[in-house]
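Asker: Pasting in a structure now, in structure tokens, and then I'll have a few things to ask.
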Amino acid sequence: MSTKAIITAYFEAFNAGDTQTMLDLLAGDVEHHVNQGGIREGKEAFAEFCAHMDRCYSENLTDIVIFAEGDRAAAEFVVNGTYKADDEGLPPAKGQAYRLPAGTFFALRDGKITRVTTYYNLEDWIEQVS
């Protein structure tokens, strides 16, 4: 599969709520760089993050544009979401809807994603759900 096809499959799995397919696309030593947070290392940490996100948020990505060159890729998209359950250190959840532009950078090795780095404007999100 091409880099662009792998990233397309990743986003299709995200929108389908298919965490297992997302995990299958990752290298075992994947690094997950979280917006304004630390680095999670490995598939298990990524799976735990996904479970946490599924508990607190319902999200669908639209307007996805993927750029790919060799073993690197980037995507910009719009996150359309609902804040379902309180997330530590953030405002209380009351089913608030939000719409937020975001972007992710990827690195790949041997057909597997080795790095996922996502950016969005947290202050914008907080304003929308407050």
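Just so we're on the same page: first chain in the structure tokens is A, next is B, and so on; residues restart at 1 for each chain, and ligands are numbered from 1 in the order they show up.
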I'd like the contact shell of Asn80 of chain A - 12 Å cut-off, only C-alpha atoms, skipping same-chain residues fewer than 6 positions apart - returned as a ChimeraX atom specification.
Answerer: /A:15,57-64,96-102,125,128
Asker: With only C-alpha atoms as the basis for distance, which of A:Glu12, A:Ala73, A:Lys94, A:Gly28 is at the shortest distance from Gly42 of chain A?
Answerer: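 Among the listed residues, A:Gly28 lies closest to Gly42 of chain A.
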Asker: Can you list, as a ChimeraX atom specification, all residues belonging to chain A that DSSP tags as strand (DSSP E)?
Answerer: /A:26-33,39-41,57-69,72-83,96-109,112-120
Asker: Closest to Lys112 of chain A among A:Ala16, A:Cys56, A:Ala5, A:Leu25, using only C-alpha atoms?
Answerer: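 Nearest to Lys112 of chain A: A:Leu25.
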Asker: Per DSSP on the backbone, what are the helix (DSSP H, G or I) residues of segment 18-116 of chain A, as a list in words?
Answerer: Thr19, Gln20, Thr21, Met22, Leu23, Asp24, Lys43, Glu44, Ala45, Phe46, Ala47, Glu48, Phe49, Cys50, Ala51, His52, Met53, Asp54, Arg55 and Cys56 of chain A
Asker: One number please: atom CA of Val78 of chain A to atom CA of Ala45 of chain A, in Å, one decimal.
Answerer: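 Result for atom CA of Val78 of chain A versus atom CA of Ala45 of chain A: 24.6 Å, one decimal.
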Asker: Ala75 of chain A: which residues within 6 Å, counting only C-alpha atoms, same-chain residues fewer than 4 positions away excluded, as an NGL selection string?
Answerer: :A and (65-66 or 103-104)
Asker: Measuring atom to atom with only C-alpha atoms, identify which of A:Leu122, A:Asp29, A:Phe105, A:Ala9 is nearest to Ala68 of chain A.
Answerer: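 Of all the options, A:Phe105 lies closest to Ala68 of chain A.
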Asker: With distances taken over only C-alpha atoms, which of A:Ser130, A:Asn35, A:Asn121, A:Thr114 is nearest to Thr3 of chain A?
Answerer: A:Thr114
Asker: Pick out the residues sitting within 10 Å of segment 69-72 of chain A, and hand them over as a list in words; count only C-alpha atoms, and ignore anything fewer than 5 positions along from it in its own chain.
Answerer: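 Listed by chain and then number, they are Ser2, Thr3, Lys4, Ile7, Phe105, Phe106, Ala107, Leu108, Arg109, Asp110, Gly111, Lys112, Ile113, Thr114 and Arg115 of chain A.
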Asker: Mind writing the picked residues with N, CA and C atoms as a compact mmCIF listing (two decimals), in the first residue's frame?
Answerer:
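Below is the file result14.txt, written as the result:
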```txt
# COMPACT_ATOMS: atom_id res chain seq x y z
N SER A 2 0.44 2.26 -0.70
CA SER A 2 1.16 3.53 -0.72
C SER A 2 0.97 4.26 0.61
N THR A 3 1.83 5.22 0.88
CA THR A 3 1.71 6.03 2.09
C THR A 3 0.33 6.68 2.16
N LYS A 4 -0.11 7.25 1.06
CA LYS A 4 -1.42 7.92 1.05
C LYS A 4 -2.55 6.92 1.32
N ILE A 7 -2.64 6.11 5.08
CA ILE A 7 -3.22 7.21 5.87
C ILE A 7 -4.72 7.32 5.61
N PHE A 105 0.41 14.85 11.54
CA PHE A 105 1.61 14.48 10.79
C PHE A 105 1.93 13.02 11.08
N PHE A 106 2.41 12.32 10.07
CA PHE A 106 2.71 10.89 10.19
C PHE A 106 4.11 10.60 9.66
N ALA A 107 4.75 9.60 10.25
CA ALA A 107 5.96 8.99 9.70
C ALA A 107 5.66 7.50 9.56
N LEU A 108 6.23 6.89 8.54
CA LEU A 108 6.02 5.46 8.29
C LEU A 108 7.35 4.76 8.08
N ARG A 109 7.33 3.45 8.35
CA ARG A 109 8.49 2.60 8.10
C ARG A 109 7.94 1.22 7.70
N ASP A 110 8.41 0.71 6.60
CA ASP A 110 8.01 -0.63 6.15
C ASP A 110 6.50 -0.80 6.10
N GLY A 111 5.80 0.24 5.64
CA GLY A 111 4.36 0.15 5.47
C GLY A 111 3.54 0.27 6.74
N LYS A 112 4.17 0.68 7.84
CA LYS A 112 3.46 0.86 9.12
C LYS A 112 3.69 2.29 9.62
N ILE A 113 2.70 2.83 10.30
CA ILE A 113 2.81 4.17 10.87
C ILE A 113 3.65 4.10 12.13
N THR A 114 4.71 4.92 12.18
CA THR A 114 5.62 4.93 13.33
C THR A 114 5.45 6.17 14.20
N ARG A 115 4.80 7.20 13.66
CA ARG A 115 4.57 8.41 14.44
C ARG A 115 3.26 9.05 14.02
```
Asker: Given the choices A:Ile126, A:Ala93, A:Glu88, A:Met1, which gets closest to His52 of chain A if the distance is worked out from only C-alpha atoms?
Answerer: A:Glu88
Asker: One decimal, in Å: what's the spacing between atom CA of Glu76 of chain A and atom CA of Glu48 of chain A?
Answerer: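 Between these atoms lies a distance of 23.9 Å.
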Asker: Can you measure atom CA of Met22 of chain A to atom CA of Tyr10 of chain A for me? One decimal in Å is fine.
Answerer: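 So the two atoms, atom CA of Met22 of chain A and atom CA of Tyr10 of chain A, lie 5.4 Å apart.
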Asker: Identify which of the residues A:Lys84, A:Phe11, A:Asp54, A:Gly37 lies closest to Tyr120 of chain A, counting only C-alpha atoms when measuring atom-to-atom distances.
Answerer: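 Ranking A:Lys84, A:Phe11, A:Asp54, A:Gly37 by distance to Tyr120 of chain A, first place goes to A:Gly37.
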Asker: Excluding His33 of chain A and any residue of its chain fewer than 2 positions from it, enumerate the residues within 7 Å of it, using only C-alpha atoms, and give them as a list of chain:residue names.
Answerer: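 Once the nearby chain positions are removed, what remains is A:Glu31, A:Asn35, A:Gly38, A:Ile39, A:Arg40, A:Val116, A:Thr117, A:Thr118.
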